[in-house]
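S.K.: Here it is: the structure, laid out below.
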Amino acid sequence: MEKIVLGITGEIAGGKGTITAYLEDKHGASSAKFSSALRDVAKRMHLEENRENLQKISTMFRENFNGNILSEVIYEDVKEMKSEIIVIDGVRRMADIEFLKRLPGFRLIYTDASMENRFERITQRGENADDNTKTFEDFKKDHEREAELQIKGLKNEADFVVDNNGTLKELYDQIDKIIKGLKEKK
Amino acid sequence: MKKIIGLVGEIASGKGTVSKYLQEKHNAKVYRFSDVLREILSVLYLDCDRKNLSELSLCLRETFGEDILSNALVRKVLNDEHDLIILDGVRRKEELKFFDEIEGFQLVYVECDIKDRYKRIIERGENMDDKNKTFEDFKKDHERDAEIRIRELKERADKVIDNDGSLEELYDKVDKILTNG
């Protein structure tokens with residue numbers, strides 16, 4: 001049976017993690033995260049798991065080993081997974097997508113939310129050590145980084161765009177509809 | 001008092017043999033600087049060959065500073081309850097930065113003739129690219145910056161062990177270092 005492999009993308013705090021968690025909890029999906037290899041490395045090296053260090057690790061691997069290394073890691077991880085639905089959280093670059101498209105059953109979902117809504121969410125969750133103390137100005141500046149600029153462009157590549165400016169329920173309904181459609185197609 | 005011994009020596013000089021002996025006969029806990037590198041390479045689905053190991057070590061140090069590996073290891077070691085701890089494969093003086101300050105730390109340099117070492121490296125094939133190496137290749141490896149730095153550490157060593165004799169002789173020398181402190 002062909003798997004459903006969903007890449008989730010969107011700007012910082014756009015709801016990628018929420019969608020991933022929902023797919024895991026309600027649809028029995030397994031997840032593969034681009035950042036999990038990076039967090040793993042940070043942990044082993046006793047480096048603080050903040051956005052800056054994770055990006056440094058990512059750049060370091062891409063420059064010294066190969067530009068697609070993180071996609072390759074995800075590709076291998078996904079191939080080993082047995083679930084019917086697999087979520088890949090944190091797809092950030094066009095090159096990642098080119099690579100992941102080789103996975104049979106791959107679809108890209110872009111989650112869209114306003115800057116204000118996303119700022120409110122990021123300060124609440126504090127996933128990274130440096131998130132809690134961020135000002136709105138800092139947050140806006142984060143968006144000028146090359147990594148973030150590329151993400152916006154991925155909206156055009158997405159098979160599905162979900163709007164995450166509303167309630168959680170509204171977000172979940174959009175996801176349920178996507179899954180239903182994909183299952184019917186199989 | 002907890003004893004920590006750093007083992008340094010050129011490729012296939014007998015560091016592994018010494019650390020295995022200390023582990024089996026003296027209940028030592030062995031750490032290698034390369035352990036964490038090997039773990040990272042396997043997370044990335046990359047081969048654990050000498051080239052990738054040194055590439056990874058280099059880019060980690062360039063990105064996060066020369067002390068990064070020493071810092072990661074010293075934390076593990078300080079949390080370890082064993083009375084005797086071995087750091088197998090010290091390669092650079094920067095790796096010793098935090099260890100030098102720990103009371104009970106000793107650096108031991110293991111020395112052995114290049115021909116014997118070549119024989120061993122071919123026999124054991126620990127790294128994927130070792131098996132097909134010629135003696136000329138092996139000699140060339142010694143001109144690398146990393147290998148030169150290893151030889152430089154001999155001067156800093158608290159003890160030098162000569163491993164040109166039998167295993168038994170080697171073990172005796174190791175025992176002496178432990179009893180004489």
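For the structure tokens, the naming scheme is as follows: chains receive sequential letters (A, B, ...) according to their order of presentation, residues are indexed from 1 within each chain, and ligands are indexed from 1 in presentation order.
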With only C-alpha atoms counted and 6 Å as the cut-off, give the residues of chain A in contact with chain B, each with its shortest interatomic distance in Å and the pair that gives it, as CSV.

M.R.:
```
residue,atom,partner,partner_atom,distance
A:Met45,CA,B:Ala72,CA,5.2
A:His46,CA,B:Ala72,CA,5.7
A:Val73,CA,B:Leu44,CA,5.7
```

S.K.: Could you take the residues named above and write them with N, CA and C atoms, as a tab-separated table (two decimals), in the first residue's frame?

M.R.:
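File written: result_24.tsv
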```tsv
chain	number	residue	atom	x	y	z
A	45	MET	N	26.49	17.46	21.64
A	45	MET	CA	27.61	18.39	21.79
A	45	MET	C	27.42	19.33	22.98
A	46	HIS	N	26.35	19.12	23.76
A	46	HIS	CA	26.04	20.00	24.90
A	46	HIS	C	25.92	21.46	24.48
A	73	VAL	N	18.68	12.54	5.01
A	73	VAL	CA	18.43	11.91	6.30
A	73	VAL	C	16.93	11.63	6.44
```

S.K.: What lies within 9 Å of Ala95 (chain A) using only C-alpha atoms, ignoring chain neighbours under 2 positions off, as a CSV table (one decimal) with N, CA and C atoms, in the first residue's frame?

M.R.:
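Output file result-v2.csv follows:
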```
chain,number,residue,atom,x,y,z
A,67,GLY,N,24.8,19.6,0.2
A,67,GLY,CA,23.7,20.6,0.4
A,67,GLY,C,22.4,19.9,0.7
A,68,ASN,N,22.2,18.7,0.3
A,68,ASN,CA,20.9,18.0,0.6
A,68,ASN,C,20.9,17.1,1.8
A,71,SER,N,17.8,16.5,3.8
A,71,SER,CA,16.7,15.8,3.0
A,71,SER,C,17.0,14.4,2.9
A,92,ARG,N,11.9,23.5,4.6
A,92,ARG,CA,12.3,24.9,4.5
A,92,ARG,C,12.8,25.4,3.2
A,93,ARG,N,13.3,24.5,2.4
A,93,ARG,CA,13.9,25.0,1.2
A,93,ARG,C,13.4,24.3,-0.1
A,97,ILE,N,12.4,20.2,-1.2
A,97,ILE,CA,11.2,19.7,-1.9
A,97,ILE,C,11.5,18.9,-3.1
A,98,GLU,N,12.5,19.4,-3.9
A,98,GLU,CA,12.9,18.7,-5.1
A,98,GLU,C,13.3,17.2,-4.7
A,99,PHE,N,14.0,17.1,-3.5
A,99,PHE,CA,14.4,15.8,-3.1
A,99,PHE,C,13.3,15.0,-2.6
A,100,LEU,N,12.4,15.6,-1.8
A,100,LEU,CA,11.4,14.8,-1.1
A,100,LEU,C,10.3,14.4,-2.1
```

S.K.: Quick one: residues within 10 Å of Met1 (chain B), only C-alpha atoms, excluding same-chain residues fewer than 4 positions away - as a PyMOL selection string?

M.R.: chain B and resi 83-84+103-104

S.K.: Just the residues within 10 Å of region 89-95 of chain B, please, counting only C-alpha atoms, with nothing from its chain fewer than 6 positions along; format it as a compact mmCIF listing (two decimals) with N, CA and C atoms, in the first residue's frame.

M.R.:
```txt
# COMPACT_ATOMS: atom_id res chain seq x y z
N GLY B 6 44.46 10.14 29.85
CA GLY B 6 44.30 10.44 28.44
C GLY B 6 45.33 9.66 27.65
N LEU B 7 44.89 8.89 26.66
CA LEU B 7 45.83 8.11 25.84
C LEU B 7 46.04 8.80 24.51
N VAL B 8 47.30 8.99 24.16
CA VAL B 8 47.61 9.61 22.88
C VAL B 8 48.68 8.77 22.20
N GLY B 9 48.69 8.78 20.89
CA GLY B 9 49.68 8.01 20.15
C GLY B 9 49.28 8.00 18.69
N GLU B 10 50.23 7.70 17.81
CA GLU B 10 49.93 7.69 16.38
C GLU B 10 48.99 6.54 16.03
N ILE B 11 48.51 6.54 14.79
CA ILE B 11 47.57 5.51 14.34
C ILE B 11 48.12 4.12 14.65
N LYS B 15 46.95 2.23 21.44
CA LYS B 15 46.06 2.92 22.37
C LYS B 15 44.84 2.06 22.70
N GLY B 16 44.28 1.47 21.65
CA GLY B 16 43.10 0.63 21.82
C GLY B 16 43.39 -0.57 22.71
N SER B 19 43.68 0.60 26.25
CA SER B 19 42.41 0.96 26.87
C SER B 19 41.55 -0.28 27.11
N TYR B 31 36.25 6.34 27.23
CA TYR B 31 35.59 7.30 26.34
C TYR B 31 36.54 7.62 25.19
N ARG B 32 35.96 7.77 24.01
CA ARG B 32 36.78 8.22 22.88
C ARG B 32 36.25 9.56 22.39
N PHE B 33 37.16 10.44 22.02
CA PHE B 33 36.72 11.72 21.45
C PHE B 33 35.89 11.46 20.19
N SER B 34 36.20 10.37 19.51
CA SER B 34 35.49 10.11 18.27
C SER B 34 34.11 9.48 18.48
N GLY B 65 34.02 26.45 17.89
CA GLY B 65 35.22 26.70 18.68
C GLY B 65 36.02 25.44 18.93
N GLU B 66 37.31 25.64 19.16
CA GLU B 66 38.24 24.51 19.30
C GLU B 66 37.90 23.59 20.48
N ASP B 67 37.26 24.15 21.51
CA ASP B 67 37.04 23.37 22.73
C ASP B 67 35.80 22.48 22.67
N ILE B 68 35.05 22.55 21.58
CA ILE B 68 33.71 21.94 21.60
C ILE B 68 33.72 20.46 21.99
N LEU B 69 34.67 19.70 21.42
CA LEU B 69 34.68 18.26 21.71
C LEU B 69 35.14 18.00 23.14
N SER B 70 36.11 18.78 23.58
CA SER B 70 36.61 18.63 24.94
C SER B 70 35.51 18.96 25.94
N ASN B 71 34.78 20.02 25.65
CA ASN B 71 33.69 20.43 26.52
C ASN B 71 32.61 19.35 26.62
N LEU B 73 32.93 16.19 26.11
CA LEU B 73 33.44 14.98 26.77
C LEU B 73 33.67 15.20 28.27
N VAL B 74 34.18 16.36 28.63
CA VAL B 74 34.49 16.59 30.04
C VAL B 74 33.21 16.52 30.88
N LEU B 107 48.37 12.42 31.16
CA LEU B 107 48.44 12.14 29.73
C LEU B 107 49.52 11.09 29.48
N VAL B 108 49.13 10.01 28.80
CA VAL B 108 50.07 8.92 28.52
C VAL B 108 50.23 8.77 27.01
N TYR B 109 51.46 8.84 26.55
CA TYR B 109 51.76 8.73 25.12
C TYR B 109 52.23 7.30 24.81
N ALA B 146 46.82 16.63 11.39
CA ALA B 146 46.31 15.94 12.57
C ALA B 146 47.36 15.02 13.18
N GLU B 147 48.13 14.37 12.31
CA GLU B 147 49.14 13.42 12.82
C GLU B 147 50.34 14.15 13.42
N ILE B 148 50.67 15.27 12.81
CA ILE B 148 51.78 16.08 13.35
C ILE B 148 51.43 16.56 14.76
N ARG B 149 50.18 16.96 14.92
CA ARG B 149 49.73 17.44 16.23
C ARG B 149 49.80 16.34 17.29
N ILE B 150 49.52 15.12 16.85
CA ILE B 150 49.61 14.00 17.80
C ILE B 150 51.04 13.86 18.31
N ARG B 151 52.00 13.89 17.38
CA ARG B 151 53.40 13.74 17.80
C ARG B 151 53.84 14.85 18.74
N GLU B 152 53.28 16.04 18.51
CA GLU B 152 53.62 17.16 19.37
C GLU B 152 53.19 16.94 20.83
N LEU B 153 52.18 16.11 21.00
CA LEU B 153 51.66 15.89 22.35
C LEU B 153 52.60 15.04 23.21
N ARG B 156 54.14 16.89 25.97
CA ARG B 156 53.25 17.24 27.09
C ARG B 156 52.88 16.05 27.95
```

S.K.: From a DSSP pass on the backbone, collect the residues of region 113-148 of chain B flagged as helix (DSSP H, G or I) and hand them back as a compact mmCIF listing (two decimals) with N, CA and C atoms, in the first residue's frame.

M.R.:
```txt
# COMPACT_ATOMS: atom_id res chain seq x y z
N ILE B 114 56.74 2.44 13.05
CA ILE B 114 55.77 2.62 11.96
C ILE B 114 55.45 1.32 11.22
N LYS B 115 56.44 0.44 11.07
CA LYS B 115 56.18 -0.81 10.33
C LYS B 115 55.21 -1.71 11.08
N ASP B 116 55.39 -1.79 12.39
CA ASP B 116 54.46 -2.58 13.20
C ASP B 116 53.06 -1.98 13.15
N ARG B 117 53.03 -0.68 13.16
CA ARG B 117 51.73 -0.03 13.16
C ARG B 117 51.00 -0.25 11.84
N TYR B 118 51.75 -0.24 10.75
CA TYR B 118 51.15 -0.49 9.44
C TYR B 118 50.52 -1.88 9.40
N LYS B 119 51.28 -2.86 9.90
CA LYS B 119 50.77 -4.24 9.93
C LYS B 119 49.43 -4.31 10.66
N ARG B 120 49.36 -3.63 11.79
CA ARG B 120 48.14 -3.68 12.61
C ARG B 120 46.95 -3.04 11.93
N ILE B 121 47.22 -1.92 11.27
CA ILE B 121 46.09 -1.19 10.70
C ILE B 121 45.43 -2.00 9.58
N ILE B 122 46.27 -2.71 8.82
CA ILE B 122 45.76 -3.55 7.74
C ILE B 122 44.95 -4.71 8.31
N GLU B 123 45.48 -5.29 9.38
CA GLU B 123 44.82 -6.46 9.97
C GLU B 123 43.46 -6.11 10.57
N ARG B 124 43.37 -4.95 11.23
CA ARG B 124 42.12 -4.72 11.96
C ARG B 124 41.00 -4.10 11.13
N PHE B 135 51.72 0.78 2.17
CA PHE B 135 52.64 1.34 3.17
C PHE B 135 52.95 2.81 2.84
N GLU B 136 53.04 3.08 1.52
CA GLU B 136 53.30 4.47 1.09
C GLU B 136 52.16 5.40 1.49
N ASP B 137 50.93 4.93 1.25
CA ASP B 137 49.75 5.72 1.67
C ASP B 137 49.83 6.01 3.17
N PHE B 138 50.17 4.95 3.89
CA PHE B 138 50.20 5.02 5.35
C PHE B 138 51.23 6.05 5.81
N LYS B 139 52.40 6.03 5.15
CA LYS B 139 53.44 6.99 5.52
C LYS B 139 52.96 8.42 5.24
N LYS B 140 52.26 8.55 4.11
CA LYS B 140 51.75 9.88 3.74
C LYS B 140 50.75 10.40 4.76
N ASP B 141 49.92 9.49 5.28
CA ASP B 141 48.95 9.89 6.32
C ASP B 141 49.63 10.63 7.46
N ASP B 145 48.25 17.29 9.07
CA ASP B 145 48.28 18.17 10.22
C ASP B 145 47.87 17.43 11.50
N ALA B 146 46.82 16.63 11.39
CA ALA B 146 46.31 15.94 12.57
C ALA B 146 47.36 15.02 13.18
N GLU B 147 48.13 14.37 12.31
CA GLU B 147 49.14 13.42 12.82
C GLU B 147 50.34 14.15 13.42
N ILE B 148 50.67 15.27 12.81
CA ILE B 148 51.78 16.08 13.35
C ILE B 148 51.43 16.56 14.76
```

S.K.: Pick out the residues sitting within 9 Å of Ile161 (chain B), and hand them over as a ChimeraX atom specification; count only C-alpha atoms, and ignore anything fewer than 6 positions along from it in its own chain.

M.R.: /B:108-112,170,173-174

S.K.: Take the residues just selected and output them with C-alpha atoms as a PDB file, in the first residue's frame.

M.R.:
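This is the output file part.pdb:
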```pdb
ATOM      1  CA  VAL B 108      50.069   8.920  28.522  1.00  0.00           C
ATOM      2  CA  TYR B 109      51.757   8.725  25.119  1.00  0.00           C
ATOM      3  CA  VAL B 110      51.948   5.268  23.476  1.00  0.00           C
ATOM      4  CA  GLU B 111      54.809   4.875  21.036  1.00  0.00           C
ATOM      5  CA  CYS B 112      55.501   2.195  18.426  1.00  0.00           C
ATOM      6  CA  LEU B 170      52.944  -3.554  27.470  1.00  0.00           C
ATOM      7  CA  LYS B 173      54.137  -0.922  31.846  1.00  0.00           C
ATOM      8  CA  VAL B 174      50.487   0.026  32.137  1.00  0.00           C
TER       9      VAL B 174
END
```

S.K.: Excluding same-chain residues fewer than 4 positions from Asn27 (chain B), what lies within 12 Å of it counting only C-alpha atoms, as a short mmCIF file (atom, residue, chain, number, x, y, z; two decimals) with N, CA and C atoms, in the first residue's frame?

M.R.:
```cif
data_model
loop_
_atom_site.label_atom_id
_atom_site.label_comp_id
_atom_site.auth_asym_id
_atom_site.auth_seq_id
_atom_site.Cartn_x
_atom_site.Cartn_y
_atom_site.Cartn_z
N LYS B 3 40.83 8.65 38.93
CA LYS B 3 41.96 8.81 38.03
C LYS B 3 41.45 8.93 36.59
N SER B 19 43.68 0.60 26.25
CA SER B 19 42.41 0.96 26.87
C SER B 19 41.55 -0.28 27.11
N LYS B 20 41.65 -1.25 26.22
CA LYS B 20 40.90 -2.50 26.42
C LYS B 20 41.40 -3.23 27.67
N TYR B 21 42.72 -3.24 27.84
CA TYR B 21 43.30 -3.88 29.01
C TYR B 21 42.84 -3.19 30.29
N LEU B 22 42.86 -1.88 30.27
CA LEU B 22 42.43 -1.12 31.45
C LEU B 22 40.95 -1.35 31.76
N GLN B 23 40.19 -1.53 30.70
CA GLN B 23 38.76 -1.79 30.85
C GLN B 23 38.53 -3.16 31.48
N GLU B 81 30.84 7.72 37.38
CA GLU B 81 31.17 7.30 38.75
C GLU B 81 32.39 6.38 38.84
N HIS B 82 32.92 5.94 37.69
CA HIS B 82 34.06 5.02 37.75
C HIS B 82 35.29 5.67 38.40
N ASP B 83 36.13 4.83 39.07
CA ASP B 83 37.35 5.35 39.69
C ASP B 83 38.43 5.61 38.65
N LEU B 84 38.36 4.85 37.57
CA LEU B 84 39.37 4.99 36.52
C LEU B 84 38.67 5.27 35.19
N ILE B 85 39.04 6.36 34.58
CA ILE B 85 38.43 6.75 33.31
C ILE B 85 39.52 6.96 32.27
N ILE B 86 39.28 6.39 31.10
CA ILE B 86 40.26 6.50 30.02
C ILE B 86 39.69 7.36 28.90
#
```

S.K.: With only C-alpha atoms as the basis for distance, which of A:Glu116, A:Glu144, A:Glu84, A:Asp163 is at the shortest distance from Ile179 (chain A)?

M.R.: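 Selected residue with least distance to Ile179 (chain A): A:Glu84.
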
S.K.: One decimal, Å: what's the distance from CA of Ile5 (chain B) over to CA of Ile102 (chain B), could you say?

M.R.: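 Calculated distance between CA of Ile5 (chain B) and CA of Ile102 (chain B) is 11.0 Å.
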
S.K.: Mind listing the strand (DSSP E) residues of region 3-139 of chain A, per DSSP on the backbone, as a PyMOL selection string?

M.R.: chain A and resi 4-9+30-33+85-89+106-112

S.K.: Measuring atom to atom with only C-alpha atoms, identify which of A:Glu80, A:Glu184, A:Glu48, A:Asp96 is nearest to Phe34 (chain A).

M.R.: A:Asp96
